[in-house]
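Here is the structure we will look at, set down as structure tokens.
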Amino acid sequence: MRKLAAGNWKMNGTLADLDQLHLLEQAFKDSSVDILICPPATLIHAANSATQTISIGAQNCHAQAKGANTGEISAPQIADLGARYVIIGHSERRQDQNETDAEVNAKAKAAYDAGLIAVICIGETLDQRDAGETLDVLGRQLAGSVPATANSENTVIAYEPVWAIGTGLVPTTEQIAQAHEFMRTTLLVSHGSTGQDMRLLYGGSVKGSNANDIFAVANVDGALVGGASLTAADFGPIITALEQA
Ligand code: PGA
């Protein structure tokens with residue numbers, strides 16, 4: 001499978017920041033890994049026009065294709081702008097917008113219907129980890145959030161411990177290995193052989209300085225990167241580490 005270096009710009013970036021895409025494209029023209037940037041929705045069209053080799057994605061979509069949903073954006077609208085991916089169920093949306101597994105599941109199906117690849121995010125809070133519930137939480141989220149029609153072509157799963165996002169805290173490689181092995185095993189049971197090829201990303205405070213260690217972990221097929229994806233100077237070393245893993 002081709003590994004995936006994914007950047008989530010969150011609510012950062014204006015047109016001027018597309019310069020970073022040009023820099024990345026120049027540096028990684030013939031990369032052996034897939035590169036994805038998910039800018040804010042305001043930049044999707046311009047970002048897609050600005051690059052040939054970097055895939056562009058959205059950070060959320062609505063579960064319905066169209067309708068009276070002021071301020072929302074649908075999966076077909078995202079696809080219409082040339083985006084190929086959409087992040088679904090990021091923990092910031094699960095927390096701030098109270099998104100449930102059922103809503104995440106419905107959004108992923110909407111993404112498939114529009115021909116988009118869903119990057120479905122799961123992960124435990126610190127309280128849940130401290131209570132020894134991590135694998136229970138991941139199992140529940142996989143069962144609830146990942147549609148039965150998910151396969152290695154239309155779905156990427158991102159393991160993002162909530163306590164590691166934007167905090168500088170990173171799980172140990174043993175903790176990442178345990179979570180990723182659990183996800184692989186669970187997906188093989190729930191989805192059959194396609195679960196073997198579904199890309200499993202780690203996300204949460206990935207940087208150039210820790211990327212080599214993280215990418216050496218079994219069943220880690222790439223990363224979903226927030227803060228360190230905003231500039232080519234920070235994201236470049238992470239892509240290089242993935243190429244070399
Ligand atoms: P971070 O964010 O890399 O800034 O921790 C990761 C994410 O939210 O996907």
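If you're wondering about the labels, chains in the structure tokens are A, B, ... by order shown, residues count from 1 in each chain, ligands from 1 in order shown.
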*Where in segment 156-239 of chain A does DSSP assign alpha helix (DSSP H), given as a VMD selection string?*
chain A and resid 173 to 191 208 to 215 232 to 239
Can I get the residues close to ligand 1 as a compact mmCIF listing (two decimals) with all heavy atoms, in the first residue's frame, where close means within 7 Å and we count only C-alpha atoms and all ligand atoms?
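Produced file part19.txt, reproduced below:
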# COMPACT_ATOMS: atom_id res chain seq x y z
N ASN A 8 -3.62 18.51 8.35
CA ASN A 8 -4.91 19.13 8.67
C ASN A 8 -4.62 20.55 9.14
O ASN A 8 -4.09 20.75 10.23
CB ASN A 8 -5.59 18.30 9.79
CG ASN A 8 -6.84 18.97 10.33
OD1 ASN A 8 -7.34 19.95 9.78
ND2 ASN A 8 -7.35 18.43 11.43
N GLU A 160 -6.03 9.01 16.77
CA GLU A 160 -5.58 10.27 17.35
C GLU A 160 -6.00 10.34 18.82
O GLU A 160 -7.14 10.70 19.12
CB GLU A 160 -6.21 11.44 16.59
CG GLU A 160 -5.84 11.48 15.13
CD GLU A 160 -5.83 12.90 14.60
OE1 GLU A 160 -6.86 13.58 14.68
OE2 GLU A 160 -4.77 13.34 14.14
N ALA A 164 -3.16 13.80 22.94
CA ALA A 164 -1.91 14.04 22.22
C ALA A 164 -2.05 15.12 21.16
O ALA A 164 -1.06 15.56 20.57
CB ALA A 164 -1.43 12.74 21.56
N ILE A 165 -3.28 15.58 20.92
CA ILE A 165 -3.51 16.54 19.83
C ILE A 165 -3.19 17.95 20.30
O ILE A 165 -3.79 18.45 21.26
CB ILE A 165 -4.97 16.46 19.34
CG1 ILE A 165 -5.22 15.10 18.67
CG2 ILE A 165 -5.27 17.60 18.37
CD1 ILE A 165 -6.65 14.86 18.26
N GLY A 166 -2.21 18.55 19.66
CA GLY A 166 -1.85 19.94 19.93
C GLY A 166 -1.21 20.15 21.29
O GLY A 166 -1.08 21.29 21.74
N THR A 167 -0.82 19.08 21.96
CA THR A 167 -0.30 19.20 23.33
C THR A 167 1.21 19.01 23.42
O THR A 167 1.81 19.32 24.44
CB THR A 167 -0.94 18.13 24.23
OG1 THR A 167 -0.64 16.84 23.68
CG2 THR A 167 -2.44 18.32 24.33
N GLY A 168 1.80 18.44 22.38
CA GLY A 168 3.21 18.07 22.46
C GLY A 168 3.42 16.74 23.15
O GLY A 168 4.54 16.23 23.21
N GLY A 203 -2.00 10.15 14.60
CA GLY A 203 -2.05 11.61 14.67
C GLY A 203 -2.00 12.08 16.11
O GLY A 203 -2.55 11.44 17.01
N GLY A 204 -1.36 13.23 16.32
CA GLY A 204 -1.23 13.82 17.65
C GLY A 204 0.20 14.19 17.92
O GLY A 204 1.02 13.33 18.22
N SER A 205 0.51 15.50 17.72
CA SER A 205 1.84 16.05 18.02
C SER A 205 2.97 15.37 17.23
O SER A 205 4.09 15.24 17.73
CB SER A 205 2.13 15.99 19.52
OG SER A 205 1.21 16.81 20.23
N VAL A 206 2.66 14.94 15.99
CA VAL A 206 3.74 14.43 15.13
C VAL A 206 4.60 15.60 14.67
O VAL A 206 4.08 16.65 14.28
CB VAL A 206 3.17 13.69 13.90
CG1 VAL A 206 4.30 13.21 12.99
CG2 VAL A 206 2.29 12.52 14.34
N LEU A 224 -1.47 11.78 10.45
CA LEU A 224 -2.34 12.94 10.28
C LEU A 224 -1.76 14.03 11.19
O LEU A 224 -1.70 13.87 12.40
CB LEU A 224 -3.78 12.61 10.69
CG LEU A 224 -4.82 13.73 10.56
CD1 LEU A 224 -4.84 14.34 9.17
CD2 LEU A 224 -6.21 13.23 10.93
N VAL A 225 -1.33 15.11 10.56
CA VAL A 225 -0.51 16.12 11.23
C VAL A 225 -1.25 17.44 11.28
O VAL A 225 -1.74 17.91 10.24
CB VAL A 225 0.84 16.29 10.49
CG1 VAL A 225 1.73 17.27 11.23
CG2 VAL A 225 1.52 14.94 10.31
N GLY A 226 -1.33 18.05 12.44
CA GLY A 226 -1.97 19.35 12.56
C GLY A 226 -0.95 20.47 12.47
O GLY A 226 -0.54 20.89 11.38
N GLY A 227 -0.49 20.93 13.61
CA GLY A 227 0.38 22.11 13.68
C GLY A 227 1.60 22.03 12.77
O GLY A 227 1.95 23.02 12.11
N ALA A 228 2.21 20.86 12.70
CA ALA A 228 3.44 20.73 11.91
C ALA A 228 3.17 20.53 10.42
O ALA A 228 4.10 20.23 9.67
CB ALA A 228 4.30 19.59 12.46
Using only C-alpha atoms, what does the table of segment 76-146 of chain A residues within 6 Å of segment 61-67 of chain A look like, with each row giving the shortest atom pair and its distance in Å to one decimal, sorted by chain and ascending number, as a Markdown table?
| residue | atom | partner | partner_atom | distance |
| --- | --- | --- | --- | --- |
| A:Ala106 | CA | A:Ala63 | CA | 5.5 |
| A:Lys107 | CA | A:Ala63 | CA | 4.3 |
| A:Ala110 | CA | A:Ala63 | CA | 5.4 |
Output all heavy atoms for every residue in the selection just made, as a compact mmCIF listing (two decimals), in the first residue's frame.
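So the final result, stored in out_9.txt, reads:
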# COMPACT_ATOMS: atom_id res chain seq x y z
N ALA A 106 -22.62 8.22 9.13
CA ALA A 106 -23.47 8.76 8.06
C ALA A 106 -22.65 9.69 7.16
O ALA A 106 -22.84 9.71 5.93
CB ALA A 106 -24.66 9.50 8.66
N LYS A 107 -21.76 10.46 7.76
CA LYS A 107 -20.93 11.37 6.96
C LYS A 107 -19.96 10.58 6.07
O LYS A 107 -19.70 10.96 4.93
CB LYS A 107 -20.15 12.30 7.88
CG LYS A 107 -21.03 13.35 8.55
CD LYS A 107 -20.22 14.26 9.44
CE LYS A 107 -21.13 15.32 10.05
NZ LYS A 107 -20.40 16.52 10.47
N ALA A 110 -21.78 9.43 3.13
CA ALA A 110 -21.98 10.55 2.21
C ALA A 110 -20.70 10.80 1.41
O ALA A 110 -20.75 11.09 0.20
CB ALA A 110 -22.39 11.80 2.98
Produce a table with one row for each residue of segment 48-112 of chain A that has an atom at most 10 Å from any atom of segment 139-152 of chain A, each row naming the nearest atom pair and its distance in Å at one decimal; use only C-alpha atoms; arrange rows by chain and rising residue number; format as JSON lines.
{"residue": "A:Ile88", "atom": "CA", "partner": "A:Ser145", "partner_atom": "CA", "distance": 9.2}
{"residue": "A:Gly89", "atom": "CA", "partner": "A:Ser145", "partner_atom": "CA", "distance": 8.1}
{"residue": "A:Thr100", "atom": "CA", "partner": "A:Ser145", "partner_atom": "CA", "distance": 8.2}
{"residue": "A:Asp101", "atom": "CA", "partner": "A:Ser145", "partner_atom": "CA", "distance": 4.6}
{"residue": "A:Ala102", "atom": "CA", "partner": "A:Gly144", "partner_atom": "CA", "distance": 6.0}
{"residue": "A:Glu103", "atom": "CA", "partner": "A:Ser145", "partner_atom": "CA", "distance": 7.7}
{"residue": "A:Val104", "atom": "CA", "partner": "A:Ser145", "partner_atom": "CA", "distance": 5.4}
{"residue": "A:Asn105", "atom": "CA", "partner": "A:Ser145", "partner_atom": "CA", "distance": 4.3}
{"residue": "A:Ala106", "atom": "CA", "partner": "A:Pro147", "partner_atom": "CA", "distance": 7.9}
{"residue": "A:Lys107", "atom": "CA", "partner": "A:Ser145", "partner_atom": "CA", "distance": 9.1}
{"residue": "A:Ala108", "atom": "CA", "partner": "A:Pro147", "partner_atom": "CA", "distance": 7.1}
{"residue": "A:Lys109", "atom": "CA", "partner": "A:Pro147", "partner_atom": "CA", "distance": 6.7}
{"residue": "A:Tyr112", "atom": "CA", "partner": "A:Ala150", "partner_atom": "CA", "distance": 8.4}
Next, dump the selected residues to file, keeping only all heavy atoms, as a compact mmCIF listing (two decimals), in the first residue's frame.
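Here's the written file part39.txt:
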# COMPACT_ATOMS: atom_id res chain seq x y z
N ILE A 88 -13.26 12.95 8.68
CA ILE A 88 -14.56 12.79 9.33
C ILE A 88 -14.35 12.41 10.79
O ILE A 88 -13.52 11.55 11.10
CB ILE A 88 -15.39 11.68 8.66
CG1 ILE A 88 -15.35 11.77 7.16
CG2 ILE A 88 -16.80 11.66 9.24
CD1 ILE A 88 -16.57 12.28 6.49
N GLY A 89 -15.09 13.06 11.68
CA GLY A 89 -15.06 12.66 13.09
C GLY A 89 -13.80 13.04 13.83
O GLY A 89 -13.41 12.37 14.80
N THR A 100 -21.50 12.30 17.04
CA THR A 100 -21.56 10.93 17.55
C THR A 100 -21.01 9.96 16.51
O THR A 100 -20.84 10.31 15.33
CB THR A 100 -23.02 10.53 17.82
OG1 THR A 100 -23.73 10.56 16.56
CG2 THR A 100 -23.69 11.50 18.81
N ASP A 101 -20.77 8.72 16.96
CA ASP A 101 -20.32 7.70 16.01
C ASP A 101 -21.32 7.53 14.87
O ASP A 101 -20.94 7.33 13.72
CB ASP A 101 -20.13 6.35 16.73
CG ASP A 101 -18.87 6.33 17.58
OD1 ASP A 101 -17.88 6.98 17.20
OD2 ASP A 101 -18.88 5.66 18.62
N ALA A 102 -22.62 7.59 15.20
CA ALA A 102 -23.64 7.41 14.16
C ALA A 102 -23.56 8.53 13.12
O ALA A 102 -23.71 8.29 11.91
CB ALA A 102 -25.03 7.38 14.79
N GLU A 103 -23.31 9.76 13.59
CA GLU A 103 -23.18 10.87 12.63
C GLU A 103 -21.92 10.72 11.79
O GLU A 103 -21.92 11.00 10.58
CB GLU A 103 -23.17 12.20 13.39
CG GLU A 103 -24.57 12.61 13.85
CD GLU A 103 -24.55 13.69 14.93
OE1 GLU A 103 -23.47 13.94 15.53
OE2 GLU A 103 -25.61 14.25 15.19
N VAL A 104 -20.84 10.30 12.43
CA VAL A 104 -19.60 10.08 11.69
C VAL A 104 -19.82 9.02 10.62
O VAL A 104 -19.39 9.18 9.46
CB VAL A 104 -18.47 9.67 12.67
CG1 VAL A 104 -17.21 9.25 11.91
CG2 VAL A 104 -18.17 10.82 13.64
N ASN A 105 -20.50 7.95 10.98
CA ASN A 105 -20.81 6.88 10.05
C ASN A 105 -21.61 7.40 8.86
O ASN A 105 -21.30 7.10 7.69
CB ASN A 105 -21.59 5.80 10.81
CG ASN A 105 -21.72 4.50 10.04
OD1 ASN A 105 -22.17 4.49 8.91
ND2 ASN A 105 -21.33 3.40 10.68
N ALA A 106 -22.62 8.22 9.13
CA ALA A 106 -23.47 8.76 8.06
C ALA A 106 -22.65 9.69 7.16
O ALA A 106 -22.84 9.71 5.93
CB ALA A 106 -24.66 9.50 8.66
N LYS A 107 -21.76 10.46 7.76
CA LYS A 107 -20.93 11.37 6.96
C LYS A 107 -19.96 10.58 6.07
O LYS A 107 -19.70 10.96 4.93
CB LYS A 107 -20.15 12.30 7.88
CG LYS A 107 -21.03 13.35 8.55
CD LYS A 107 -20.22 14.26 9.44
CE LYS A 107 -21.13 15.32 10.05
NZ LYS A 107 -20.40 16.52 10.47
N ALA A 108 -19.42 9.49 6.62
CA ALA A 108 -18.50 8.66 5.82
C ALA A 108 -19.24 8.09 4.61
O ALA A 108 -18.72 8.08 3.49
CB ALA A 108 -17.90 7.55 6.67
N LYS A 109 -20.48 7.63 4.82
CA LYS A 109 -21.27 7.12 3.69
C LYS A 109 -21.51 8.21 2.66
O LYS A 109 -21.46 7.97 1.45
CB LYS A 109 -22.61 6.57 4.19
CG LYS A 109 -22.49 5.23 4.87
CD LYS A 109 -23.89 4.76 5.25
CE LYS A 109 -23.84 3.56 6.17
NZ LYS A 109 -24.99 3.49 7.07
N TYR A 112 -18.43 8.52 0.60
CA TYR A 112 -18.32 7.45 -0.41
C TYR A 112 -19.23 7.75 -1.60
O TYR A 112 -18.84 7.59 -2.76
CB TYR A 112 -18.72 6.09 0.15
CG TYR A 112 -17.95 5.62 1.37
CD1 TYR A 112 -18.50 4.66 2.21
CD2 TYR A 112 -16.69 6.12 1.68
CE1 TYR A 112 -17.83 4.20 3.32
CE2 TYR A 112 -16.01 5.67 2.80
CZ TYR A 112 -16.59 4.71 3.62
OH TYR A 112 -15.92 4.27 4.73
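Each of A:Gly208, A:Gly222, A:Gly57, A:Gly192 was checked against Ala245 of chain A using only C-alpha atoms; the smallest atom-to-atom distance is that of A:Gly222.
In this structure, atom CA of Asp30 of chain A sits 26.7 Å away from atom CA of Thr14 of chain A.
In this comparison, which uses only C-alpha atoms, the residue of A:Ala118, A:Ile54, A:Leu24, A:Ala79 approaching Ala41 of chain A most closely is A:Ala79.
Close contacts of Ile37 of chain A, defined as residues with an atom at most 6 Å away when counting only C-alpha atoms, with chain neighbours fewer than 3 positions off set aside, comprise Ala6, Gly7 and Ile56 of chain A.
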*Can you list, as a ChimeraX atom specification, every protein, DNA or RNA residue that comes within 8 Å of Leu116 of chain A when you count only C-alpha atoms, leaving out same-chain residues fewer than 3 positions away?*
/A:75,79,83-86,111-113,154
